[in-house]
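Novice: Here it is: the structure, laid out below.
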Amino acid sequence: MLSVFVSVVRRDLLLAWRRRSDVLTALGFFLLVTSLFPLGVGPEPDQLSRIAAGVMWVAALLATLLSVQRLFESDEADGTLEQMLLSVEPLAVIVLAKVCAYWLLTGLPLVVIAPLIALQFNLSPDETLIVCATLLIGTPTLSLLGAVGASLTLGLRGGGALIALLVLPLYVPLLIFGAGAVDAWRAGLGVQSHLALLGACLLVAFAVCPLASAAALRIAQD
Amino acid sequence: MLSVFVSVVRRDLLLAWRRRSDVLTALGFFLLVTSLFPLGVGPEPDQLSRIAAGVMWVAALLATLLSVQRLFESDEADGTLEQMLLSVEPLAVIVLAKVCAYWLLTGLPLVVIAPLIALQFNLSPDETLIVCATLLIGTPTLSLLGAVGASLTLGLRGGGALIALLVLPLYVPLLIFGAGAVDAWRAGLGVQSHLALLGACLLVAFAVCPLASAAALRIAQD
Amino acid sequence: MSDSPLSAARVPSAGFSLFHYASPQTFFPLAGKLLWPCWIAALLLTVAGLYTAFFVAPTDATQGDSYRIIFIHVPAAWMSMVIYMAMAFWCAVGLVFNTRLSFMMSSALAPTGALWAFIALWTGALWGKPTWGTYWVWDARLTSELILFFLYCGYMALQAAIDDPRRADRAGALIAIVGAINVPIIYFSVKWWNTLHQGSSVSMTQSPTMATTMLTGMLLMALAAWAYTIGVALVRVRAIMIERERHTDWVRQLSQAGSNGDMNA
Amino acid sequence: MTEPAVALIEARALACVRGRARLFSGLDFALAPGELMHVAGANGSGKTSLLRILCGLSEPESGEVRWRGEPARRVSDDWRDGLLYLGHRNAVKDDFTPLENLRASAAIAGETTPEDTLLRALVDIGLGARLDVPARSLSQGQRRRVALARLLADSRSALWILDEPFTALDVRAVATLAGAMSAHLARGGSIIYTTHQPVDIDALRRQTLNLDDFSC
Amino acid sequence: MTEPAVALIEARALACVRGRARLFSGLDFALAPGELMHVAGANGSGKTSLLRILCGLSEPESGEVRWRGEPARRVSDDWRDGLLYLGHRNAVKDDFTPLENLRASAAIAGETTPEDTLLRALVDIGLGARLDVPARSLSQGQRRRVALARLLADSRSALWILDEPFTALDVRAVATLAGAMSAHLARGGSIIYTTHQPVDIDALRRQTLNLDDFSC
Ligand code: HEM
Ligand SMILES: Nc1ncnc2c1ncn2[C@@H]1O[C@H](COP(=O)(O)OP(=O)(O)OP(=O)(O)O)[C@@H](O)[C@H]1O
Ligand SMILES: Nc1ncnc2c1ncn2[C@@H]1O[C@H](COP(=O)(O)OP(=O)(O)OP(=O)(O)O)[C@@H](O)[C@H]1O
Ligand SMILES: [Mg+2]
Ligand SMILES: [Mg+2]
């Protein structure tokens, strides 16, 4: 079970490395959104730092929403998904491995690059730390929830719009807690409760999403 | 030549209608970005109206950048592109038809929905008109340039990131003129020069892009 | 799913058991008979409830008359949660026992659930303006109720997007069951978080803290909502049955009988 | 239980509906270990649909599949463990070389086949000269061979379910594959396959199921 | 110029390189109107690559293709006008019904085939019962038939270039297609095709090009 997990993660990372694009698209998108904004909005530092956390969270959310849709797409198209369903290993573990690789490719780079973006938005070190922490806890949840949406809408007409309808409502609370943490800090309130909430969401998603996604995949292949 | 243009436009529209998602994704994305921002940024009306044009242009640009990549993808995958290359009709006309359908599906809806978004950002009627006008002239250019990028990167490793790299430098001037028009108006300057520049870009793109894109497709299929 | 011996297709239609009514064929006429009682109860209870709400219940000391929104807001909020749980229940039953009818029940409930969720949101927002000074805040209860509304929409949209009814049922069931986590969150959010929204005042364990007339009005309205919901769901489930089973013998016989004038028999 | 007494896989009164069309119904068969079954039928008669039901990828409209005498759903781990399914689609990743592809399929299936078995399978199926080329640049027949190499590396599965394994293969590859199938049968494994091409496969026990006989 | 004197299509000293591999070189042939040419060769011998060169989708490493006696590049409009190419890939859109697919391919090719010719082609190839089903739900063979229906609707092209047209087809469809090919030949059209299956096609003049003879 562990070995299949490791091999699937490794496989997906290698595949992404070969294609290159998948590694860079989400990151590139994040960089783009966050750098175009100052360009479009105008460079007043005060205004920028006020919208920073929001912009970064929205960018992370969109980066996930747009790319997660393709999580199972190529495996479906070339028949690999069938083989996953027929595996002796539990499907949920394979799904978890895929989500994990996906997060390493799209979520983690955002967290790593975030301090740079924060700099560009004039955030203080403390605020930067808070934004990075919320992103670190929040993005895996985004990926897990996105995987459920992706498997539910696999191969459907209107997949792109449907996945947004299904997943976005679940993303909004994360966005609010995530972006709200910095505001709370500025207002002199603690950020623990925000982080704890994000952590709780992650735990629940971790427990529920792989199973739900696996079930949805079985239904989709019927 | 006209008849093949019309049939290809009709075919692409029908295809998009069947899939539904393609019609809605770009529009949905635009709506999302523009509505999430107020959420993340906070609802102060003044701040909102100042960033409005920038947010809308960035959203339109991203919506194009993300979806144009798939313009030739499915035709490539199922072999239709080969048939297009073998057509008696000039390939550039077919490409132009595809871009045209693409704009009708992704660009035009943005222009139509823009007044609504403007409302949400507290723009005045005049400003709304200016934003819509810049989008109306600007989005076809975005589509045309995007098509060249899409055909250059067709089937390449790292297509997504590459296309951004190729096309973005060409998009940035458009973004600056487009988003700048409202600021110019606010500053009491005329907007004609901005609009004229956007129009000139459109004309050049219209003349050059289909040919460039057709040439790139021939090379990609070799 | 497991082909259990209880599967509707195999239950012999003779002999009474609970599963007797698990087949569309036998449930259809039963649903027809239940319709009128539901409509009448809904009408009477609404009239009684509205009368209590507007003429019997006193004006509130701090909020004035705006508090009367409560008579719609609270029953709507309750119903939106109850219906979701009912949907999740039917979906679970459907997945376990492979009964077609339970999925149909669930699809029939969804639009009404969405309606109640929408009403709860809307009345809540209207009420928020006079009491909190704003239509909307991202408070835990409000957010989770909004999510409930979107879950209903997602469930319906997903079912509409899938052509094969069996697949649509099961994909929808997944949302319904997983989304059910949200309902306790809505209910307990006021307890778990320190929020703007007010806590529960009606509870099983403590004596009610509000005026009895207010409580009566609310309960009457809630019962009316129940009756309406059941009635509408029955109408809708009958329509779904006919739509889905139009190729089977019993629907064909029914439509012949129907053309002779008697659909409810 | 002695081996021949219990069928490896059995279909009981299977029926399949796709869209509004009922493809077949009342389909029964039993396949013993070591037996070969050819599923015949015109295009669209439901061969692929049947094969997918037999390996649990889709649900029959009614009827049931039994695995070693038990309802297959109830012993689904055992069932999946004993199966090797190759469909129309190759499950070959364009960006991987043949060896990487084979390694990935083995990992996904939960098998731990040693590296040199995989390598030998690729060489045996005639891809020895193409080991370092990404599958994207392989010819149609070569891609199919990458998928089929899994069969040559397999010695564990009790039942192979093959959906048109011979498409796109040249004469020599067809012979190699037929040889591998015979060897599998000789080992006591069973095979269910479809094909529109006449191919000779050595088998002691064989049956043909013509879906055109069961169509409604 | 009398018809038989000038070859329809000619290859002169063609050579093809893919990646680091030289697939074939010094390849010459001439195909007269009404002639059938079977391109044979093992998997990966370069059949698909040759066919793509012959219709101008890719460039040969050296040598040239001539169309009706002229260098094909110079008369490329004429060349493209006289060709009908069907590759490995079906060019069938999942979301279109068979008729919509056929209509779209005709439009893209720049042909204006009347609607009822298209419809008759679909019925003739055996898709009459599946006209309103999106291609996504068709079986493998049925999808291939949608692509092949273009041949039955065509009466204009001088040369058909068909890359493994018989894959996934059942016996009856193979016969229908072979009949259509014979009819095309009888009309004076030419055909270049590849296949790994033995199929009988009536032709007065035929030749076989075995790529294994030209490999380096
Ligand atoms: C859009 C905004 C609102 C939403 C989504 C909402 C949602 C809900 C929900 C789901 C319940 C039922 C939960 C339960 O029974 O414990 C409820 C009950 C209630 N709501 Fe709201 N509400 C909103 C706004 C308001 C406002 C502005 C007020 C008044 C200040 C209010 C007062 C109440 C009261 C008094 C109850 C009954 C609590 C009880 O007695 O149990 N709500 N609301
Ligand atoms: N949604 C649908 N609506 C109508 N018909 C459908 C639908 N889905 C599948 N079908 C039909 O079901 C059949 C599927 O058959 P299947 O793929 O099992 O055929 P097959 O025997 O494998 O054929 P082939 O030899 O071409 O591979 C086809 O006739 C197809 O048209
Ligand atoms: N980039 C590349 N590097 C190395 N080899 C390549 C590359 N691209 C193609 N090839 C080789 O060129 C050959 C392509 O052959 P082609 O597709 O023409 O074969 P084919 O005769 O049509 O075979 P099949 O019968 O399998 O369809 C294959 O052997 C393939 O491995
Ligand atoms: Mg098949
Ligand atoms: Mg080939």
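By order of appearance in the structure tokens: chains A, B, ..., then residues from 1 within every chain, and ligands from 1 in the order shown.
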Within 6 Å of ligand 2 (counting only C-alpha atoms and all ligand atoms), which residues show up? I'd like them as a ChimeraX atom specification.
Specialist: /D:18-21,42-49 /E:133,137-142
Novice: Using only C-alpha atoms, which chain C residues lie at most 9 Å away from chain A, written as a ChimeraX atom specification?
Specialist: /C:138,140,143-144,146-148,150-151,153-155,157-158,161-162,167-168,170-172,174-175,178
Novice: I'd like the superposed copy of chain E - fitted to chain D by least squares over all paired Cα atoms - as an mmCIF file with C-alpha atoms, in the first residue's frame.
Specialist:
data_model
loop_
_atom_site.group_PDB
_atom_site.id
_atom_site.type_symbol
_atom_site.label_atom_id
_atom_site.label_comp_id
_atom_site.auth_asym_id
_atom_site.auth_seq_id
_atom_site.Cartn_x
_atom_site.Cartn_y
_atom_site.Cartn_z
ATOM 1 C CA MET E 1 -12.696 -28.707 -4.255
ATOM 2 C CA THR E 2 -10.747 -30.063 -7.198
ATOM 3 C CA GLU E 3 -9.722 -27.495 -9.766
ATOM 4 C CA PRO E 4 -11.875 -28.437 -12.780
ATOM 5 C CA ALA E 5 -15.060 -28.738 -10.735
ATOM 6 C CA VAL E 6 -15.304 -24.988 -10.039
ATOM 7 C CA ALA E 7 -15.332 -22.597 -12.955
ATOM 8 C CA LEU E 8 -12.858 -19.723 -12.756
ATOM 9 C CA ILE E 9 -15.370 -17.198 -13.930
ATOM 10 C CA GLU E 10 -19.024 -17.631 -14.677
ATOM 11 C CA ALA E 11 -21.739 -15.439 -16.102
ATOM 12 C CA ARG E 12 -25.322 -16.016 -15.055
ATOM 13 C CA ALA E 13 -28.121 -14.496 -17.068
ATOM 14 C CA LEU E 14 -26.143 -11.351 -17.810
ATOM 15 C CA ALA E 15 -27.946 -8.539 -19.553
ATOM 16 C CA CYS E 16 -26.481 -5.246 -20.686
ATOM 17 C CA VAL E 17 -28.169 -2.002 -21.626
ATOM 18 C CA ARG E 18 -26.351 0.972 -23.138
ATOM 19 C CA GLY E 19 -28.226 4.176 -23.682
ATOM 20 C CA ARG E 20 -31.606 3.092 -24.957
ATOM 21 C CA ALA E 21 -30.291 -0.080 -26.587
ATOM 22 C CA ARG E 22 -30.361 -3.522 -24.948
ATOM 23 C CA LEU E 23 -27.174 -5.133 -26.231
ATOM 24 C CA PHE E 24 -27.620 -8.689 -24.988
ATOM 25 C CA SER E 25 -29.512 -10.605 -22.357
ATOM 26 C CA GLY E 26 -29.704 -14.077 -20.852
ATOM 27 C CA LEU E 27 -26.018 -14.595 -21.349
ATOM 28 C CA ASP E 28 -24.563 -17.616 -19.513
ATOM 29 C CA PHE E 29 -21.190 -19.232 -19.664
ATOM 30 C CA ALA E 30 -18.589 -20.809 -17.450
ATOM 31 C CA LEU E 31 -14.878 -20.723 -18.082
ATOM 32 C CA ALA E 32 -12.599 -23.366 -16.585
ATOM 33 C CA PRO E 33 -8.949 -22.777 -15.716
ATOM 34 C CA GLY E 34 -6.791 -23.322 -18.816
ATOM 35 C CA GLU E 35 -9.662 -22.550 -21.143
ATOM 36 C CA LEU E 36 -9.745 -20.055 -24.013
ATOM 37 C CA MET E 37 -12.861 -18.131 -24.881
ATOM 38 C CA HIS E 38 -13.291 -16.116 -28.048
ATOM 39 C CA VAL E 39 -16.049 -13.527 -27.822
ATOM 40 C CA ALA E 40 -17.274 -12.948 -31.343
ATOM 41 C CA GLY E 41 -19.853 -10.575 -32.724
ATOM 42 C CA ALA E 42 -20.336 -7.715 -35.119
ATOM 43 C CA ASN E 43 -19.200 -4.171 -34.380
ATOM 44 C CA GLY E 44 -21.365 -2.757 -31.642
ATOM 45 C CA SER E 45 -22.720 -6.111 -30.547
ATOM 46 C CA GLY E 46 -21.447 -5.501 -27.033
ATOM 47 C CA LYS E 47 -18.146 -7.352 -26.808
ATOM 48 C CA THR E 48 -16.320 -4.513 -25.105
ATOM 49 C CA SER E 49 -19.272 -3.933 -22.818
ATOM 50 C CA LEU E 50 -19.281 -7.603 -21.810
ATOM 51 C CA LEU E 51 -15.580 -7.642 -21.110
ATOM 52 C CA ARG E 52 -15.874 -4.564 -18.926
ATOM 53 C CA ILE E 53 -18.637 -6.230 -16.959
ATOM 54 C CA LEU E 54 -16.531 -9.340 -16.527
ATOM 55 C CA CYS E 55 -13.747 -7.385 -14.922
ATOM 56 C CA GLY E 56 -15.964 -5.212 -12.795
ATOM 57 C CA LEU E 57 -15.500 -1.919 -14.601
ATOM 58 C CA SER E 58 -19.198 -1.665 -15.217
ATOM 59 C CA GLU E 59 -22.350 -3.139 -13.797
ATOM 60 C CA PRO E 60 -24.618 -5.488 -15.720
ATOM 61 C CA GLU E 61 -28.232 -4.496 -16.083
ATOM 62 C CA SER E 62 -29.171 -7.797 -14.503
ATOM 63 C CA GLY E 63 -27.585 -11.166 -13.812
ATOM 64 C CA GLU E 64 -24.341 -11.768 -12.002
ATOM 65 C CA VAL E 65 -20.692 -12.572 -12.458
ATOM 66 C CA ARG E 66 -19.212 -15.310 -10.273
ATOM 67 C CA TRP E 67 -15.534 -15.677 -9.491
ATOM 68 C CA ARG E 68 -14.322 -19.150 -8.499
ATOM 69 C CA GLY E 69 -17.868 -20.032 -7.575
ATOM 70 C CA GLU E 70 -18.592 -16.990 -5.399
ATOM 71 C CA PRO E 71 -20.481 -13.853 -6.411
ATOM 72 C CA ALA E 72 -17.663 -11.719 -7.737
ATOM 73 C CA ARG E 73 -18.770 -8.562 -5.891
ATOM 74 C CA ARG E 74 -18.326 -10.367 -2.614
ATOM 75 C CA VAL E 75 -14.751 -11.474 -3.336
ATOM 76 C CA SER E 76 -13.783 -8.360 -5.206
ATOM 77 C CA ASP E 77 -10.217 -8.246 -3.912
ATOM 78 C CA ASP E 78 -9.597 -11.792 -5.002
ATOM 79 C CA TRP E 79 -11.315 -11.109 -8.308
ATOM 80 C CA ARG E 80 -9.238 -8.035 -9.099
ATOM 81 C CA ASP E 81 -6.111 -9.849 -8.015
ATOM 82 C CA GLY E 82 -6.724 -12.665 -10.501
ATOM 83 C CA LEU E 83 -7.444 -10.442 -13.495
ATOM 84 C CA LEU E 84 -5.390 -8.772 -16.155
ATOM 85 C CA TYR E 85 -7.427 -6.583 -18.491
ATOM 86 C CA LEU E 86 -6.166 -4.879 -21.645
ATOM 87 C CA GLY E 87 -8.718 -2.681 -23.359
ATOM 88 C CA HIS E 88 -8.965 -0.861 -26.638
ATOM 89 C CA ARG E 89 -6.952 1.910 -25.122
ATOM 90 C CA ASN E 90 -3.307 1.240 -24.524
ATOM 91 C CA ALA E 91 -2.747 2.956 -21.165
ATOM 92 C CA VAL E 92 0.563 4.079 -22.628
ATOM 93 C CA LYS E 93 1.917 7.497 -21.681
ATOM 94 C CA ASP E 94 3.337 9.447 -24.598
ATOM 95 C CA ASP E 95 6.110 10.936 -22.530
ATOM 96 C CA PHE E 96 7.431 7.717 -21.042
ATOM 97 C CA THR E 97 9.777 5.308 -22.725
ATOM 98 C CA PRO E 98 8.496 1.740 -23.132
ATOM 99 C CA LEU E 99 10.280 0.578 -19.990
ATOM 100 C CA GLU E 100 8.992 3.453 -17.901
ATOM 101 C CA ASN E 101 5.511 2.720 -19.162
ATOM 102 C CA LEU E 102 5.739 -0.896 -18.212
ATOM 103 C CA ARG E 103 7.138 -0.034 -14.813
ATOM 104 C CA ALA E 104 4.311 2.426 -14.197
ATOM 105 C CA SER E 105 1.612 -0.071 -15.169
ATOM 106 C CA ALA E 106 3.110 -2.692 -12.890
ATOM 107 C CA ALA E 107 3.192 -0.204 -10.029
ATOM 108 C CA ILE E 108 -0.392 0.837 -10.567
ATOM 109 C CA ALA E 109 -1.559 -2.744 -10.751
ATOM 110 C CA GLY E 110 0.147 -3.294 -7.418
ATOM 111 C CA GLU E 111 2.601 -5.816 -8.852
ATOM 112 C CA THR E 112 6.268 -5.895 -8.025
ATOM 113 C CA THR E 113 7.718 -7.400 -11.153
ATOM 114 C CA PRO E 114 11.509 -7.412 -11.228
ATOM 115 C CA GLU E 115 13.081 -4.951 -13.660
ATOM 116 C CA ASP E 116 14.719 -7.569 -15.854
ATOM 117 C CA THR E 117 11.467 -9.450 -16.385
ATOM 118 C CA LEU E 118 10.007 -6.228 -17.723
ATOM 119 C CA LEU E 119 13.021 -5.651 -19.915
ATOM 120 C CA ARG E 120 12.913 -9.187 -21.262
ATOM 121 C CA ALA E 121 9.212 -8.788 -22.066
ATOM 122 C CA LEU E 122 9.948 -5.681 -24.114
ATOM 123 C CA VAL E 123 12.750 -7.381 -25.992
ATOM 124 C CA ASP E 124 10.617 -10.452 -26.629
ATOM 125 C CA ILE E 125 7.814 -8.420 -28.106
ATOM 126 C CA GLY E 126 10.253 -6.760 -30.462
ATOM 127 C CA LEU E 127 10.858 -3.363 -28.898
ATOM 128 C CA GLY E 128 14.490 -4.012 -28.095
ATOM 129 C CA ALA E 129 15.646 -1.367 -30.556
ATOM 130 C CA ARG E 130 13.227 1.281 -29.298
ATOM 131 C CA LEU E 131 13.871 1.211 -25.562
ATOM 132 C CA ASP E 132 14.994 4.822 -25.224
ATOM 133 C CA VAL E 133 12.409 6.456 -27.482
ATOM 134 C CA PRO E 134 9.401 8.130 -25.822
ATOM 135 C CA ALA E 135 6.159 6.390 -26.744
ATOM 136 C CA ARG E 136 5.060 9.546 -28.552
ATOM 137 C CA SER E 137 7.427 8.739 -31.413
ATOM 138 C CA LEU E 138 6.540 5.077 -31.652
ATOM 139 C CA SER E 139 4.455 3.732 -34.505
ATOM 140 C CA GLN E 140 0.904 2.565 -33.922
ATOM 141 C CA GLY E 141 1.908 -1.077 -33.715
ATOM 142 C CA GLN E 142 4.837 -0.343 -31.453
ATOM 143 C CA ARG E 143 2.580 1.480 -28.985
ATOM 144 C CA ARG E 144 0.257 -1.485 -28.904
ATOM 145 C CA ARG E 145 3.248 -3.704 -28.231
ATOM 146 C CA VAL E 146 4.195 -1.644 -25.204
ATOM 147 C CA ALA E 147 0.780 -2.359 -23.733
ATOM 148 C CA LEU E 148 0.972 -6.032 -24.631
ATOM 149 C CA ALA E 149 4.393 -6.458 -23.080
ATOM 150 C CA ARG E 150 2.560 -6.587 -19.741
ATOM 151 C CA LEU E 151 1.204 -9.966 -20.764
ATOM 152 C CA LEU E 152 4.654 -11.328 -21.437
ATOM 153 C CA ALA E 153 5.840 -10.143 -18.039
ATOM 154 C CA ASP E 154 2.873 -11.606 -16.224
ATOM 155 C CA SER E 155 2.957 -15.028 -14.598
ATOM 156 C CA ARG E 156 0.541 -14.401 -11.796
ATOM 157 C CA SER E 157 -2.906 -13.581 -13.140
ATOM 158 C CA ALA E 158 -5.393 -16.404 -13.483
ATOM 159 C CA LEU E 159 -7.441 -14.723 -16.188
ATOM 160 C CA TRP E 160 -6.490 -12.492 -19.088
ATOM 161 C CA ILE E 161 -9.246 -10.396 -20.573
ATOM 162 C CA LEU E 162 -8.058 -8.976 -23.874
ATOM 163 C CA ASP E 163 -10.066 -6.597 -26.033
ATOM 164 C CA GLU E 164 -8.830 -6.881 -29.624
ATOM 165 C CA PRO E 165 -5.222 -7.481 -28.713
ATOM 166 C CA PHE E 166 -4.156 -8.058 -32.317
ATOM 167 C CA THR E 167 -5.055 -4.667 -33.790
ATOM 168 C CA ALA E 168 -2.202 -2.792 -35.439
ATOM 169 C CA LEU E 169 0.229 -5.680 -34.953
ATOM 170 C CA ASP E 170 2.253 -7.068 -37.842
ATOM 171 C CA VAL E 171 2.415 -10.771 -38.613
ATOM 172 C CA ARG E 172 5.427 -11.484 -36.468
ATOM 173 C CA ALA E 173 3.996 -9.692 -33.423
ATOM 174 C CA VAL E 174 0.698 -11.514 -33.843
ATOM 175 C CA ALA E 175 2.596 -14.788 -33.721
ATOM 176 C CA THR E 176 4.534 -13.727 -30.628
ATOM 177 C CA LEU E 177 1.341 -12.747 -28.873
ATOM 178 C CA ALA E 178 -0.447 -15.948 -29.888
ATOM 179 C CA GLY E 179 2.523 -17.852 -28.490
ATOM 180 C CA ALA E 180 2.310 -15.988 -25.193
ATOM 181 C CA MET E 181 -1.385 -16.719 -24.999
ATOM 182 C CA SER E 182 -0.804 -20.436 -25.606
ATOM 183 C CA ALA E 183 1.864 -20.459 -22.945
ATOM 184 C CA HIS E 184 -0.498 -18.823 -20.477
ATOM 185 C CA LEU E 185 -3.141 -21.429 -21.240
ATOM 186 C CA ALA E 186 -0.601 -24.212 -20.861
ATOM 187 C CA ARG E 187 0.291 -22.797 -17.420
ATOM 188 C CA GLY E 188 -3.351 -23.246 -16.438
ATOM 189 C CA GLY E 189 -4.415 -19.644 -16.970
ATOM 190 C CA SER E 190 -7.598 -18.756 -18.812
ATOM 191 C CA ILE E 191 -8.183 -16.162 -21.511
ATOM 192 C CA ILE E 192 -11.212 -14.296 -22.740
ATOM 193 C CA TYR E 193 -10.522 -12.276 -25.873
ATOM 194 C CA THR E 194 -12.179 -10.598 -28.802
ATOM 195 C CA THR E 195 -10.864 -10.147 -32.292
ATOM 196 C CA HIS E 196 -12.106 -9.642 -35.829
ATOM 197 C CA GLN E 197 -8.985 -11.223 -37.310
ATOM 198 C CA PRO E 198 -8.629 -14.972 -37.741
ATOM 199 C CA VAL E 199 -5.724 -15.964 -35.470
ATOM 200 C CA ASP E 200 -4.657 -19.470 -34.484
ATOM 201 C CA ILE E 201 -4.044 -20.018 -30.794
ATOM 202 C CA ASP E 202 -3.085 -23.396 -29.370
ATOM 203 C CA ALA E 203 -5.494 -24.390 -26.651
ATOM 204 C CA LEU E 204 -6.647 -27.669 -25.247
ATOM 205 C CA ARG E 205 -10.043 -26.364 -24.276
ATOM 206 C CA ARG E 206 -11.776 -23.576 -26.077
ATOM 207 C CA GLN E 207 -15.185 -22.095 -26.611
ATOM 208 C CA THR E 208 -16.654 -19.342 -28.704
ATOM 209 C CA LEU E 209 -19.335 -16.986 -27.530
ATOM 210 C CA ASN E 210 -21.083 -15.250 -30.375
ATOM 211 C CA LEU E 211 -22.830 -12.172 -29.059
ATOM 212 C CA ASP E 212 -24.908 -11.880 -32.195
ATOM 213 C CA ASP E 213 -26.819 -14.931 -30.838
ATOM 214 C CA PHE E 214 -27.752 -13.102 -27.661
ATOM 215 C CA SER E 215 -28.685 -9.750 -29.101
ATOM 216 C CA CYS E 216 -32.210 -8.551 -28.679
#
Novice: Name the residues in contact with Ala26 of chain A at a cut-off of 9 Å, using only C-alpha atoms, excluding same-chain residues fewer than 4 positions from it; report them as an MDAnalysis selection string.
Specialist: chainID A and resid 21:22 30:31 60 63:64 66:67 105:107 109:110
Novice: DSSP on the backbone: what in segment 34-192 of chain D comes out alpha helix (DSSP H), as number ranges by chain?
Specialist: D: 47-54, 76-82, 98-109, 115-124, 140-153, 171-186
Novice: Rank C:Asp163, C:Trp90, C:Trp122, C:Trp116 by their smallest atom-to-atom distance to chain D, using only C-alpha atoms, and report the top residue only.
Specialist: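 Among the listed residues, C:Asp163 lies closest to chain D.
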Novice: Which polymer residues have any atom within 7 Å of an atom of segment 112-127 of chain A, counting only C-alpha atoms, with same-chain residues fewer than 6 positions away left out, as a PDB file with all heavy atoms, in the first residue's frame?
Specialist:
ATOM      1  N   PRO A  45       1.694  51.788  -2.334  1.00  0.00           N
ATOM      2  CA  PRO A  45       2.122  50.693  -1.456  1.00  0.00           C
ATOM      3  C   PRO A  45       1.082  50.344  -0.404  1.00  0.00           C
ATOM      4  O   PRO A  45       0.889  49.179  -0.094  1.00  0.00           O
ATOM      5  CB  PRO A  45       3.400  51.224  -0.790  1.00  0.00           C
ATOM      6  CG  PRO A  45       3.639  52.579  -1.324  1.00  0.00           C
ATOM      7  CD  PRO A  45       2.608  52.936  -2.308  1.00  0.00           C
ATOM      8  N   LEU A  48      -1.741  48.377  -1.899  1.00  0.00           N
ATOM      9  CA  LEU A  48      -1.242  47.060  -2.279  1.00  0.00           C
ATOM     10  C   LEU A  48      -1.174  46.134  -1.077  1.00  0.00           C
ATOM     11  O   LEU A  48      -1.646  45.003  -1.129  1.00  0.00           O
ATOM     12  CB  LEU A  48       0.153  47.183  -2.900  1.00  0.00           C
ATOM     13  CG  LEU A  48       0.182  47.557  -4.369  1.00  0.00           C
ATOM     14  CD1 LEU A  48       1.608  47.579  -4.864  1.00  0.00           C
ATOM     15  CD2 LEU A  48      -0.632  46.565  -5.173  1.00  0.00           C
ATOM     16  N   SER A  49      -0.589  46.619   0.019  1.00  0.00           N
ATOM     17  CA  SER A  49      -0.394  45.705   1.131  1.00  0.00           C
ATOM     18  C   SER A  49      -1.742  45.322   1.732  1.00  0.00           C
ATOM     19  O   SER A  49      -1.880  44.259   2.316  1.00  0.00           O
ATOM     20  CB  SER A  49       0.537  46.296   2.187  1.00  0.00           C
ATOM     21  OG  SER A  49      -0.167  47.180   3.006  1.00  0.00           O
ATOM     22  N   ALA A  52      -3.048  42.451  -0.412  1.00  0.00           N
ATOM     23  CA  ALA A  52      -2.094  41.380  -0.728  1.00  0.00           C
ATOM     24  C   ALA A  52      -2.604  39.982  -0.408  1.00  0.00           C
ATOM     25  O   ALA A  52      -2.649  39.112  -1.281  1.00  0.00           O
ATOM     26  CB  ALA A  52      -0.785  41.633   0.011  1.00  0.00           C
ATOM     27  N   VAL A 182      -4.556  37.481   8.019  1.00  0.00           N
ATOM     28  CA  VAL A 182      -3.719  38.678   8.071  1.00  0.00           C
ATOM     29  C   VAL A 182      -4.505  39.868   8.632  1.00  0.00           C
ATOM     30  O   VAL A 182      -4.004  40.630   9.453  1.00  0.00           O
ATOM     31  CB  VAL A 182      -3.148  39.009   6.678  1.00  0.00           C
ATOM     32  CG1 VAL A 182      -2.479  40.357   6.679  1.00  0.00           C
ATOM     33  CG2 VAL A 182      -2.171  37.932   6.259  1.00  0.00           C
TER      34      VAL A 182
END
Novice: Given only C-alpha atoms as the basis, pick out the residue of B:Leu62, B:Ala147, B:Val9, B:Ala214 nearest to chain A.
Specialist: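 Looking only at the distances to chain A, the closest residue turns out to be B:Leu62.
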Novice: Would you kindly return, as an NGL selection string, each protein, DNA or RNA residue with an atom no farther than 12 Å from any atom of Ala86 of chain C, considering only C-alpha atoms and excluding same-chain residues fewer than 2 positions away?
Specialist: :C and (79-84 or 88-93 or 102-103 or 105-110 or 112-113 or 173 or 176-177 or 180 or 183 or 229-230 or 233)
Novice: Could you list, as a PyMOL selection string, every residue within 9 Å of segment 40-53 of chain C, counting only C-alpha atoms and ignoring same-chain residues fewer than 3 positions away?
Specialist: chain C and resi 35-37+56-58+68+71+213-214+216-229+231
